[in-house]
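Chemist: Got a structure for you, work_10.txt, holding compact mmCIF, C-alpha atoms (C1' of nucleotides).
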```
# COMPACT_ATOMS: atom_id res chain seq x y z
CA MET T 1 -85.29 -24.28 94.40
CA ILE T 2 -85.38 -27.94 95.10
CA VAL T 3 -88.68 -28.74 93.45
CA SER T 4 -89.39 -27.14 90.11
CA THR T 5 -92.42 -27.22 87.86
CA ARG T 6 -91.13 -30.44 86.39
CA GLY T 7 -91.07 -32.10 89.79
CA GLU T 8 -94.54 -30.86 90.64
CA TYR T 9 -95.85 -32.26 87.35
CA ALA T 10 -94.22 -35.62 87.96
CA LEU T 11 -95.78 -35.83 91.36
CA ARG T 12 -99.24 -34.94 90.10
CA ILE T 13 -99.04 -37.53 87.39
CA MET T 14 -97.84 -40.20 89.79
CA LEU T 15 -100.69 -39.35 92.13
CA ALA T 16 -103.16 -39.67 89.29
CA LEU T 17 -101.76 -43.07 88.35
CA ALA T 18 -101.81 -44.14 91.98
CA GLY T 19 -105.59 -43.92 91.88
CA LYS T 20 -105.90 -46.55 89.13
CA THR T 21 -104.80 -50.09 88.50
CA GLU T 22 -105.11 -50.21 84.69
CA PHE T 23 -103.10 -48.27 82.13
CA SER T 24 -104.11 -44.61 81.92
CA SER T 25 -103.75 -42.52 78.80
CA LEU T 26 -101.12 -39.87 79.44
CA ARG T 27 -102.99 -37.41 77.28
CA ASP T 28 -105.96 -37.61 79.64
CA VAL T 29 -103.90 -37.48 82.80
CA ALA T 30 -101.95 -34.48 81.56
CA MET T 31 -105.08 -32.61 80.45
CA GLN T 32 -106.84 -33.18 83.74
CA ASN T 33 -103.87 -31.85 85.65
CA GLY T 34 -103.13 -28.83 83.52
CA ILE T 35 -99.88 -30.19 82.17
CA PRO T 36 -98.81 -29.73 78.53
CA HIS T 37 -99.16 -33.15 76.94
CA LYS T 38 -95.88 -33.19 75.09
CA TYR T 39 -93.98 -32.00 78.10
CA SER T 40 -95.55 -34.73 80.17
CA GLU T 41 -94.23 -37.31 77.71
CA ASN T 42 -90.75 -36.03 78.38
CA ILE T 43 -91.28 -36.47 82.10
CA MET T 44 -92.71 -39.96 81.73
CA THR T 45 -89.72 -41.06 79.70
CA ALA T 46 -87.55 -40.29 82.71
CA LEU T 47 -89.86 -42.03 85.14
CA ALA T 48 -90.07 -45.08 82.88
CA LYS T 49 -86.31 -45.26 82.47
CA ALA T 50 -85.94 -45.12 86.23
CA GLY T 51 -88.29 -48.07 86.40
CA LEU T 52 -90.99 -46.25 88.36
CA VAL T 53 -93.73 -46.70 85.78
CA GLU T 54 -94.46 -48.99 82.90
CA GLY T 55 -95.75 -47.91 79.50
CA SER T 56 -97.97 -49.81 77.10
CA ARG T 57 -98.22 -48.75 73.50
CA GLY T 58 -101.17 -48.73 71.20
CA LYS T 59 -104.86 -48.38 71.73
CA ASN T 60 -105.97 -48.70 75.35
CA GLY T 61 -102.35 -48.28 76.30
CA GLY T 62 -100.89 -45.73 78.65
CA TYR T 63 -98.88 -45.74 81.84
CA ARG T 64 -99.30 -47.43 85.17
CA LEU T 65 -97.35 -47.85 88.37
CA VAL T 66 -95.31 -51.00 88.81
CA ARG T 67 -95.68 -51.07 92.61
CA GLU T 68 -98.14 -50.09 95.27
CA PRO T 69 -98.45 -46.36 96.07
CA GLN T 70 -97.00 -46.81 99.56
CA GLU T 71 -93.84 -48.20 97.96
CA TYR T 72 -92.92 -44.92 96.22
CA SER T 73 -91.14 -42.29 98.26
CA LEU T 74 -91.16 -38.67 97.15
CA ALA T 75 -87.36 -38.77 97.19
CA GLU T 76 -87.35 -41.52 94.61
CA ILE T 77 -89.74 -39.73 92.28
CA LEU T 78 -88.11 -36.31 92.48
CA GLU T 79 -84.60 -37.66 92.17
CA ALA T 80 -85.64 -39.55 89.05
CA ILE T 81 -86.72 -36.46 87.15
CA GLU T 82 -85.10 -33.37 88.61
CA SER T 83 -81.93 -32.91 86.63
CA SER T 84 -80.18 -30.84 89.25
CA PHE T 85 -81.45 -32.46 92.36
CA SER T 86 -78.25 -32.34 94.32
CA VAL T 87 -77.79 -29.63 96.89
CA THR T 88 -74.84 -28.01 95.11
CA SER T 89 -72.73 -28.73 92.08
CA CYS T 90 -69.79 -29.28 94.46
CA LEU T 91 -71.21 -32.70 95.17
CA LYS T 92 -71.05 -33.88 91.58
CA ASP T 93 -68.10 -36.17 91.08
CA GLY T 94 -64.92 -34.44 90.06
CA SER T 95 -66.55 -31.04 89.83
CA CYS T 96 -64.30 -29.58 92.49
CA PRO T 97 -60.50 -29.79 92.31
CA HIS T 98 -59.96 -29.33 96.08
CA ALA T 99 -62.83 -31.46 97.30
CA ASP T 100 -60.54 -33.36 99.64
CA THR T 101 -59.57 -30.30 101.68
CA CYS T 102 -62.67 -28.10 101.36
CA PRO T 103 -64.07 -27.36 104.82
CA THR T 104 -67.56 -26.73 103.50
CA LEU T 105 -68.06 -29.93 101.55
CA PRO T 106 -69.04 -32.05 104.57
CA VAL T 107 -71.79 -29.54 105.31
CA TRP T 108 -73.24 -29.98 101.82
CA ARG T 109 -73.03 -33.71 102.07
CA GLY T 110 -74.93 -33.57 105.34
CA LEU T 111 -77.55 -31.31 103.82
CA ASP T 112 -77.95 -33.61 100.87
CA GLU T 113 -78.54 -36.53 103.20
CA THR T 114 -80.93 -34.54 105.34
CA VAL T 115 -83.05 -33.60 102.34
CA HIS T 116 -83.01 -37.13 101.00
CA GLU T 117 -83.94 -38.56 104.36
CA TYR T 118 -86.81 -36.13 104.78
CA LEU T 119 -88.29 -36.81 101.35
CA SER T 120 -87.94 -40.54 101.90
CA ARG T 121 -90.39 -40.34 104.75
CA PHE T 122 -93.36 -39.57 102.47
CA THR T 123 -94.95 -41.92 100.01
CA LEU T 124 -97.55 -41.49 97.28
CA LYS T 125 -100.05 -43.11 99.57
CA ASP T 126 -99.46 -40.49 102.25
CA LEU T 127 -100.37 -37.78 99.77
CA LEU T 128 -103.37 -39.65 98.43
CA SER T 129 -104.92 -40.14 101.82
CA GLU T 130 -104.54 -36.46 102.64
CA ARG T 131 -107.08 -35.31 100.12
CA MET K 1 -79.85 -26.83 93.55
CA ILE K 2 -80.00 -25.21 96.94
CA VAL K 3 -76.59 -23.58 96.91
CA SER K 4 -75.50 -21.95 93.68
CA THR K 5 -72.26 -20.26 92.68
CA ARG K 6 -73.55 -17.08 94.21
CA GLY K 7 -74.02 -18.77 97.58
CA GLU K 8 -70.60 -20.35 97.45
CA TYR K 9 -69.06 -16.98 96.68
CA ALA K 10 -70.89 -15.32 99.56
CA LEU K 11 -69.65 -17.96 101.93
CA ARG K 12 -66.06 -17.67 100.78
CA ILE K 13 -66.12 -13.92 101.17
CA MET K 14 -67.67 -14.15 104.62
CA LEU K 15 -65.03 -16.67 105.63
CA ALA K 16 -62.30 -14.33 104.41
CA LEU K 17 -63.76 -11.45 106.41
CA ALA K 18 -64.11 -13.68 109.44
CA GLY K 19 -60.33 -13.91 109.57
CA LYS K 20 -59.87 -10.14 110.03
CA THR K 21 -61.06 -7.42 112.32
CA GLU K 22 -60.37 -4.37 110.13
CA PHE K 23 -62.06 -3.43 106.87
CA SER K 24 -60.88 -5.55 103.94
CA SER K 25 -60.82 -4.35 100.35
CA LEU K 26 -63.39 -6.34 98.42
CA ARG K 27 -61.22 -6.27 95.33
CA ASP K 28 -58.50 -8.15 97.20
CA VAL K 29 -60.84 -10.64 98.83
CA ALA K 30 -62.53 -11.38 95.52
CA MET K 31 -59.24 -11.80 93.67
CA GLN K 32 -57.84 -14.13 96.29
CA ASN K 33 -60.92 -16.31 96.09
CA GLY K 34 -61.29 -16.42 92.33
CA ILE K 35 -64.46 -14.36 92.30
CA PRO K 36 -65.16 -11.70 89.63
CA HIS K 37 -64.80 -8.39 91.40
CA LYS K 38 -67.89 -6.72 90.02
CA TYR K 39 -70.02 -9.74 90.72
CA SER K 40 -68.75 -9.76 94.26
CA GLU K 41 -69.94 -6.18 94.71
CA ASN K 42 -73.40 -7.32 93.76
CA ILE K 43 -73.26 -10.01 96.41
CA MET K 44 -71.97 -7.66 99.08
CA THR K 45 -74.79 -5.24 98.43
CA ALA K 46 -77.23 -7.98 99.41
CA LEU K 47 -75.23 -8.96 102.48
CA ALA K 48 -74.94 -5.32 103.55
CA LYS K 49 -78.66 -4.70 103.08
CA ALA K 50 -79.38 -7.73 105.21
CA GLY K 51 -77.19 -6.20 107.87
CA LEU K 52 -74.62 -8.98 107.88
CA VAL K 53 -71.68 -6.82 106.94
CA GLU K 54 -70.74 -3.20 107.07
CA GLY K 55 -69.06 -1.21 104.30
CA SER K 56 -66.72 1.71 104.55
CA ARG K 57 -66.06 3.93 101.57
CA GLY K 58 -62.92 5.64 100.47
CA LYS K 59 -59.30 4.76 100.80
CA ASN K 60 -58.53 2.03 103.31
CA GLY K 61 -62.22 1.21 103.25
CA GLY K 62 -63.80 -2.12 102.54
CA TYR K 63 -66.12 -4.53 104.28
CA ARG K 64 -66.09 -6.17 107.67
CA LEU K 65 -68.36 -8.33 109.76
CA VAL K 66 -70.59 -6.67 112.34
CA ARG K 67 -70.59 -9.64 114.73
CA GLU K 68 -68.36 -12.48 115.80
CA PRO K 69 -67.96 -15.41 113.36
CA GLN K 70 -69.77 -17.80 115.67
CA GLU K 71 -72.82 -15.55 115.48
CA TYR K 72 -73.40 -16.11 111.76
CA SER K 73 -75.26 -19.24 110.74
CA LEU K 74 -74.97 -20.56 107.21
CA ALA K 75 -78.74 -20.36 106.94
CA GLU K 76 -78.65 -16.64 107.56
CA ILE K 77 -75.95 -16.00 104.99
CA LEU K 78 -77.42 -18.15 102.24
CA GLU K 79 -80.95 -16.91 102.77
CA ALA K 80 -79.71 -13.34 102.50
CA ILE K 81 -78.30 -13.75 99.02
CA GLU K 82 -79.88 -16.73 97.28
CA SER K 83 -82.79 -15.23 95.39
CA SER K 84 -84.70 -18.49 95.10
CA PHE K 85 -83.83 -20.01 98.39
CA SER K 86 -87.21 -21.49 99.12
CA VAL K 87 -87.75 -25.14 98.41
CA THR K 88 -90.42 -24.55 95.76
CA SER K 89 -92.27 -21.57 94.33
CA CYS K 90 -95.44 -23.02 95.88
CA LEU K 91 -94.27 -21.59 99.19
CA LYS K 92 -94.13 -18.02 97.98
CA ASP K 93 -97.15 -16.11 99.20
CA GLY K 94 -100.12 -16.18 96.88
CA SER K 95 -98.31 -18.14 94.23
CA CYS K 96 -100.75 -21.03 94.40
CA PRO K 97 -104.52 -20.56 94.08
CA HIS K 98 -105.40 -23.77 95.93
CA ALA K 99 -102.77 -23.59 98.63
CA ASP K 100 -105.37 -24.18 101.31
CA THR K 101 -106.37 -27.61 100.03
CA CYS K 102 -103.15 -28.83 98.40
CA PRO K 103 -102.07 -32.11 100.02
CA THR K 104 -98.45 -31.60 99.07
CA LEU K 105 -97.90 -28.16 100.49
CA PRO K 106 -97.33 -29.32 104.08
CA VAL K 107 -94.56 -31.55 102.80
CA TRP K 108 -92.79 -28.60 101.21
CA ARG K 109 -93.19 -26.53 104.32
CA GLY K 110 -91.65 -29.31 106.34
CA LEU K 111 -88.77 -29.61 103.91
CA ASP K 112 -88.18 -25.89 104.03
CA GLU K 113 -88.01 -26.02 107.81
CA THR K 114 -85.74 -29.04 107.75
CA VAL K 115 -83.27 -27.33 105.44
CA HIS K 116 -83.36 -24.15 107.45
CA GLU K 117 -82.86 -26.00 110.69
CA TYR K 118 -79.93 -27.95 109.30
CA LEU K 119 -78.15 -24.88 107.96
CA SER K 120 -78.74 -23.04 111.22
CA ARG K 121 -76.56 -25.56 113.01
CA PHE K 122 -73.34 -24.37 111.34
CA THR K 123 -71.62 -21.04 111.87
CA LEU K 124 -68.76 -19.30 110.14
CA LYS K 125 -66.59 -20.24 113.07
CA ASP K 126 -67.32 -23.93 112.53
CA LEU K 127 -66.04 -23.66 108.97
CA LEU K 128 -63.02 -21.60 109.96
CA SER K 129 -61.83 -24.07 112.53
CA GLU K 130 -62.11 -26.96 110.08
CA ARG K 131 -59.30 -25.81 107.88
C1' DC V 1 -106.37 -55.18 56.79
C1' DA V 2 -107.28 -50.24 57.91
C1' DT V 3 -107.74 -47.13 61.54
C1' DA V 4 -107.37 -44.84 65.74
C1' DT V 5 -104.76 -44.56 69.75
C1' DT V 6 -101.06 -44.81 72.22
C1' DT V 7 -95.89 -44.82 73.75
C1' DC V 8 -91.51 -43.61 72.29
C1' DC V 9 -87.83 -40.88 69.87
C1' DT V 10 -85.21 -36.75 68.14
C1' DA V 11 -84.75 -32.15 67.40
C1' DC V 12 -85.88 -27.51 68.04
C1' DT V 13 -87.75 -23.09 70.33
C1' DT V 14 -88.89 -20.04 73.90
C1' DA V 15 -88.74 -18.32 78.53
C1' DT V 16 -86.53 -17.64 82.81
C1' DT V 17 -82.81 -17.43 85.88
C1' DT V 18 -78.08 -17.02 86.92
C1' DT V 19 -73.78 -15.18 86.20
C1' DG V 20 -71.02 -11.70 84.77
C1' DT V 21 -69.72 -6.75 82.60
C1' DA V 22 -69.65 -1.86 81.80
C1' DG V 23 -69.51 2.52 83.23
C1' DG V 24 -70.04 5.32 86.15
C1' DT V 25 -71.00 8.57 91.13
C1' DA V 26 -70.10 9.50 96.01
C1' DT V 27 -66.91 9.23 99.77
C1' DT V 28 -62.62 9.29 102.25
C1' DA V 29 -57.53 8.78 103.72
C1' DT V 30 -53.23 10.44 102.47
C1' DA H 1 -55.33 16.57 93.98
C1' DT H 2 -55.17 11.73 93.82
C1' DA H 3 -56.01 7.10 94.46
C1' DA H 4 -58.78 3.80 96.48
C1' DT H 5 -62.88 2.38 97.85
C1' DA H 6 -68.16 1.38 98.37
C1' DC H 7 -72.29 2.07 96.00
C1' DC H 8 -75.56 2.43 91.99
C1' DT H 9 -77.94 1.35 87.46
C1' DA H 10 -78.22 -0.83 83.34
C1' DC H 11 -76.97 -4.19 80.19
C1' DA H 12 -74.95 -8.80 78.15
C1' DA H 13 -73.89 -13.52 78.09
C1' DA H 14 -74.44 -18.14 79.58
C1' DA H 15 -76.94 -21.72 81.48
C1' DT H 16 -81.04 -24.04 82.65
C1' DA H 17 -85.89 -25.02 82.55
C1' DA H 18 -90.09 -25.30 80.10
C1' DG H 19 -92.51 -26.17 76.17
C1' DT H 20 -93.36 -27.46 70.94
C1' DA H 21 -93.15 -30.01 66.53
C1' DG H 22 -93.29 -33.86 63.85
C1' DG H 23 -93.04 -37.89 63.49
C1' DA H 24 -92.02 -43.70 63.92
C1' DA H 25 -93.34 -47.99 66.12
C1' DA H 26 -96.68 -50.78 68.42
C1' DT H 27 -101.32 -52.51 69.38
C1' DA H 28 -106.41 -53.18 70.18
C1' DT H 29 -110.47 -53.18 67.63
C1' DG H 30 -113.88 -53.14 63.89
```
Could you rewrite the structure in this file as C-alpha cells?
Modeler:
Amino acid sequence: MIVSTRGEYALRIMLALAGKTEFSSLRDVAMQNGIPHKYSENIMTALAKAGLVEGSRGKNGGYRLVREPQEYSLAEILEAIESSFSVTSCLKDGSCPHADTCPTLPVWRGLDETVHEYLSRFTLKDLLSER
Amino acid sequence: MIVSTRGEYALRIMLALAGKTEFSSLRDVAMQNGIPHKYSENIMTALAKAGLVEGSRGKNGGYRLVREPQEYSLAEILEAIESSFSVTSCLKDGSCPHADTCPTLPVWRGLDETVHEYLSRFTLKDLLSER
DNA sequence: CATATTTCCTACTTATTTTGTAGGTATTAT
DNA sequence: ATAATACCTACAAAATAAGTAGGAAATATG
C-alpha cells in the first residue's frame, strides 16, 4: 500500500486549506472531513515541519498554505507524511549489505522514480478543479 | 512500501528455481537464501495457487517453474503474493462509499496502472542475466 | 487582565498487518 | 519401513499504523 489512511487525511486537509486564503482552524477542517482531531494535529506537525503549511497560534489562528495550490504536487505532500513511502526497505541507506551487487536493486530504484514522477504530475489545483 | 520482505523472498525463491529444470527442495532453497523454511512454505502455497509454480510431494519432490524464466514478469509474481499490493485501499471494490464522485480516485487508478506497467517490463530472466 | 481558542509537544494505547512458529497429515521414491 | 517432501491449520511475536490523553505556550478579543 502506497497511500494509507494517513496520506488520504493529509490530502483532504490540504485540499480544504487550498480553498481558503486565511488561517483555518484545524479542529473545523478535521471535523468536516471525518478525521479525528488529535490525529490530524499529528499529521499537520509533519506537514509544517516539511514547510508545506504554516501554523498560527491563538484565537483566530489555524493553518494555511504557504504557496498557491498549483505549486503543491501530490508527491511532495505524500512523501512529507508517509513514513514508509519508499518502494522497499532495500532502498533505505545501508539497509542492505550487498546493495552493490544485488541484481534487483536497480529495478526498485526505477520503480521508486516512476512512482515519484507520476505523483509529481498532479497538483492540489488539479484535484480541486475536478470536483 | 510496495515490496515487503515477503515479496523479496518470493522473488529470491523464483530466481533460485529459474536456475534449475528439476524439482528443487524448498528447504534447501530457503536455507540458501536466508529465508525461514516454514515461512517459505506459506509463500509457495500462494505461488502454487496462482499457478506460477508446481509442487511435487514425497522424496525427491519439491517445486519447479511451469514456464520459462522469461515468461514470468515481476508484476505477476509480486501481485500473486503481496496481500496488499494495490496502491490504496480506496481501490478495493466497495471500500469507498463515494467512489463515483471522488476526485482523487482516478489518480490512484493511474498510479496502480503505472506501477503494474513498470513491473511488467521485467522478467525473471532479466534478473538472472544481471548477476 | 481574564478568557477562549488555537498550535504545538510528549507520551501512551489500541488496532491491524506482517512475519514467523508449531505441529502435524498426505504422498512418494528408495 | 523409512525418510523426505509438499500441504494444511492454527497460533505467536514483532512491527507498523491509527488513534487518544493531557497538557504548555501563544494570541486575539472583550
Chemist: Would you mind listing what lies within 12 Å of Glu117 (chain T) as a ChimeraX atom specification, with only C-alpha atoms (C1' of nucleotides) counted and same-chain residues fewer than 6 positions away left out?
Modeler: /T:73-76,110-111 /K:111,114-115
Chemist: Residues of chain K no more than 6 Å from chain T, counting only C-alpha atoms: send them over as a PyMOL selection string.
Modeler: chain K and resi 1-3+84+86-88+103+127+130-131
Chemist: Quick one: contact table of chain K to chain H, 8 Å max, nearest atom pair and distance in Å to one decimal per residue, counting all atoms listed in the file, chain and number order, as JSON lines?
Modeler:
```
{"residue": "K:Ser25", "atom": "CA", "partner": "H:DT5", "partner_atom": "C1'", "distance": 7.5}
{"residue": "K:Gly55", "atom": "CA", "partner": "H:DA6", "partner_atom": "C1'", "distance": 6.5}
{"residue": "K:Ser56", "atom": "CA", "partner": "H:DA6", "partner_atom": "C1'", "distance": 6.4}
{"residue": "K:Arg57", "atom": "CA", "partner": "H:DA6", "partner_atom": "C1'", "distance": 4.6}
{"residue": "K:Gly58", "atom": "CA", "partner": "H:DT5", "partner_atom": "C1'", "distance": 4.2}
{"residue": "K:Lys59", "atom": "CA", "partner": "H:DA4", "partner_atom": "C1'", "distance": 4.5}
{"residue": "K:Asn60", "atom": "CA", "partner": "H:DT5", "partner_atom": "C1'", "distance": 7.0}
{"residue": "K:Gly61", "atom": "CA", "partner": "H:DT5", "partner_atom": "C1'", "distance": 5.6}
{"residue": "K:Gly62", "atom": "CA", "partner": "H:DT5", "partner_atom": "C1'", "distance": 6.6}
```
Chemist: Can you give chain K as a short mmCIF file (atom, residue, chain, number, x, y, z; two decimals) with C-alpha atoms, in the coordinates of the input after you superpose it on chain T, pairing all C-alpha atoms in order for the least-squares fit?
Modeler:
```cif
data_model
loop_
_atom_site.label_atom_id
_atom_site.label_comp_id
_atom_site.auth_asym_id
_atom_site.auth_seq_id
_atom_site.Cartn_x
_atom_site.Cartn_y
_atom_site.Cartn_z
CA MET K 1 -85.27 -24.32 94.41
CA ILE K 2 -85.38 -28.00 95.18
CA VAL K 3 -88.68 -28.80 93.53
CA SER K 4 -89.36 -27.18 90.18
CA THR K 5 -92.39 -27.26 87.91
CA ARG K 6 -91.10 -30.47 86.44
CA GLY K 7 -91.06 -32.14 89.86
CA GLU K 8 -94.53 -30.90 90.69
CA TYR K 9 -95.81 -32.27 87.40
CA ALA K 10 -94.19 -35.65 88.00
CA LEU K 11 -95.80 -35.86 91.40
CA ARG K 12 -99.23 -34.95 90.11
CA ILE K 13 -99.02 -37.55 87.38
CA MET K 14 -97.84 -40.21 89.80
CA LEU K 15 -100.69 -39.35 92.13
CA ALA K 16 -103.16 -39.68 89.27
CA LEU K 17 -101.77 -43.08 88.34
CA ALA K 18 -101.84 -44.14 91.97
CA GLY K 19 -105.62 -43.92 91.84
CA LYS K 20 -105.93 -46.56 89.09
CA THR K 21 -104.84 -50.09 88.44
CA GLU K 22 -105.15 -50.17 84.63
CA PHE K 23 -103.09 -48.25 82.10
CA SER K 24 -104.08 -44.58 81.89
CA SER K 25 -103.72 -42.47 78.77
CA LEU K 26 -101.07 -39.85 79.45
CA ARG K 27 -102.91 -37.34 77.31
CA ASP K 28 -105.90 -37.54 79.65
CA VAL K 29 -103.87 -37.43 82.84
CA ALA K 30 -101.89 -34.44 81.60
CA MET K 31 -105.00 -32.56 80.48
CA GLN K 32 -106.77 -33.15 83.76
CA ASN K 33 -103.80 -31.82 85.68
CA GLY K 34 -103.06 -28.79 83.54
CA ILE K 35 -99.80 -30.17 82.22
CA PRO K 36 -98.70 -29.71 78.57
CA HIS K 37 -99.07 -33.11 76.98
CA LYS K 38 -95.77 -33.19 75.14
CA TYR K 39 -93.88 -32.01 78.17
CA SER K 40 -95.50 -34.74 80.19
CA GLU K 41 -94.18 -37.33 77.75
CA ASN K 42 -90.71 -36.05 78.43
CA ILE K 43 -91.25 -36.51 82.14
CA MET K 44 -92.68 -39.99 81.76
CA THR K 45 -89.69 -41.08 79.74
CA ALA K 46 -87.50 -40.31 82.75
CA LEU K 47 -89.85 -42.05 85.17
CA ALA K 48 -90.06 -45.10 82.90
CA LYS K 49 -86.28 -45.28 82.51
CA ALA K 50 -85.94 -45.16 86.26
CA GLY K 51 -88.30 -48.09 86.43
CA LEU K 52 -91.00 -46.28 88.38
CA VAL K 53 -93.71 -46.71 85.80
CA GLU K 54 -94.48 -48.97 82.92
CA GLY K 55 -95.76 -47.91 79.50
CA SER K 56 -97.97 -49.77 77.10
CA ARG K 57 -98.21 -48.73 73.48
CA GLY K 58 -101.13 -48.74 71.15
CA LYS K 59 -104.81 -48.29 71.68
CA ASN K 60 -105.96 -48.58 75.27
CA GLY K 61 -102.33 -48.21 76.26
CA GLY K 62 -100.86 -45.70 78.63
CA TYR K 63 -98.85 -45.73 81.82
CA ARG K 64 -99.31 -47.41 85.16
CA LEU K 65 -97.37 -47.86 88.36
CA VAL K 66 -95.33 -51.02 88.82
CA ARG K 67 -95.72 -51.11 92.62
CA GLU K 68 -98.19 -50.12 95.28
CA PRO K 69 -98.49 -46.38 96.09
CA GLN K 70 -97.05 -46.84 99.56
CA GLU K 71 -93.89 -48.21 97.97
CA TYR K 72 -92.96 -44.95 96.23
CA SER K 73 -91.17 -42.33 98.29
CA LEU K 74 -91.17 -38.72 97.18
CA ALA K 75 -87.39 -38.81 97.24
CA GLU K 76 -87.35 -41.56 94.66
CA ILE K 77 -89.74 -39.78 92.33
CA LEU K 78 -88.12 -36.37 92.52
CA GLU K 79 -84.60 -37.71 92.22
CA ALA K 80 -85.62 -39.61 89.10
CA ILE K 81 -86.69 -36.54 87.19
CA GLU K 82 -85.10 -33.43 88.66
CA SER K 83 -81.94 -32.98 86.63
CA SER K 84 -80.18 -30.86 89.23
CA PHE K 85 -81.46 -32.50 92.33
CA SER K 86 -78.25 -32.34 94.28
CA VAL K 87 -77.83 -29.58 96.80
CA THR K 88 -74.88 -27.97 95.01
CA SER K 89 -72.74 -28.75 91.97
CA CYS K 90 -69.82 -29.24 94.38
CA LEU K 91 -71.24 -32.68 95.12
CA LYS K 92 -71.08 -33.89 91.55
CA ASP K 93 -68.10 -36.16 91.08
CA GLY K 94 -64.92 -34.43 90.04
CA SER K 95 -66.56 -31.05 89.81
CA CYS K 96 -64.30 -29.54 92.45
CA PRO K 97 -60.49 -29.76 92.27
CA HIS K 98 -59.97 -29.31 96.02
CA ALA K 99 -62.85 -31.43 97.23
CA ASP K 100 -60.56 -33.32 99.58
CA THR K 101 -59.61 -30.27 101.62
CA CYS K 102 -62.71 -28.08 101.28
CA PRO K 103 -64.12 -27.31 104.74
CA THR K 104 -67.59 -26.69 103.40
CA LEU K 105 -68.10 -29.89 101.48
CA PRO K 106 -69.09 -31.99 104.50
CA VAL K 107 -71.83 -29.49 105.21
CA TRP K 108 -73.28 -29.94 101.74
CA ARG K 109 -73.09 -33.68 102.01
CA GLY K 110 -74.96 -33.51 105.27
CA LEU K 111 -77.59 -31.27 103.76
CA ASP K 112 -78.00 -33.60 100.82
CA GLU K 113 -78.56 -36.50 103.19
CA THR K 114 -80.96 -34.51 105.31
CA VAL K 115 -83.10 -33.60 102.31
CA HIS K 116 -83.05 -37.13 101.02
CA GLU K 117 -83.96 -38.54 104.38
CA TYR K 118 -86.83 -36.11 104.79
CA LEU K 119 -88.31 -36.84 101.37
CA SER K 120 -87.96 -40.57 101.94
CA ARG K 121 -90.43 -40.34 104.79
CA PHE K 122 -93.40 -39.59 102.51
CA THR K 123 -95.00 -41.95 100.02
CA LEU K 124 -97.57 -41.50 97.31
CA LYS K 125 -100.07 -43.14 99.60
CA ASP K 126 -99.48 -40.50 102.27
CA LEU K 127 -100.38 -37.79 99.78
CA LEU K 128 -103.38 -39.68 98.44
CA SER K 129 -104.94 -40.15 101.82
CA GLU K 130 -104.57 -36.47 102.66
CA ARG K 131 -107.08 -35.29 100.14
#
```
Chemist: Check every residue of chain V for an atom within 6 Å of chain K, counting all atoms listed in the file, and provide those that qualify as a PDB file with C-alpha atoms (C1' of nucleotides), keeping the file's coordinate frame.
Modeler:
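So out08.pdb came out as:
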```
ATOM      1  C1'  DT V  27     -66.910   9.230  99.770  1.00  0.00           C
ATOM      2  C1'  DT V  28     -62.620   9.290 102.250  1.00  0.00           C
ATOM      3  C1'  DA V  29     -57.530   8.780 103.720  1.00  0.00           C
TER       4       DA V  29
END
```
Chemist: Please report the interatomic distance between CA of Asn33 (chain K) and CA of Tyr72 (chain K) in Å with one decimal.
Modeler: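 That distance, rounded to one decimal, is 20.0 Å.
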Chemist: Could you list, as a list in words, every residue within 9 Å of Pro69 (chain K), counting only C-alpha atoms (C1' of nucleotides) and ignoring same-chain residues fewer than 4 positions away?
Modeler: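 The filter keeps Met14, Leu15, Ala18, Gly19, Leu65, Ser73, Thr123, Leu124, Lys125, Asp126 and Leu128 of chain K.
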Chemist: How big is the axis-aligned box, and where does its centre sit, when it encloses all atoms of region 11-30 of chain V listed in the file and has 5 Å added on every side, reported in Å to one decimal as JSON?
Modeler:
```
{"center_x": -71.1, "center_y": -10.9, "center_z": 85.6, "size_x": 45.7, "size_y": 52.6, "size_z": 46.3}
```
Chemist: Could you check how far CA of Met44 (chain K) sits from CA of Leu17 (chain K), in Å to one decimal?
Modeler: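 A separation of 11.6 Å between them.
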Chemist: In Å, with one decimal, what is the gap from CA of Gln32 (chain K) to C1' of DT25 (chain V)?
Modeler: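 Separation of CA of Gln32 (chain K) and C1' of DT25 (chain V): 26.7 Å.
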Chemist: May I ask which of the residues K:Ile35, K:Ile77, K:Ala99, K:Ala30 is the closest one to Leu52 (chain K), counting all atoms listed in the file?
Modeler: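 When distances to Leu52 (chain K) are compared using all atoms listed in the file, the smallest one comes from K:Ile77.
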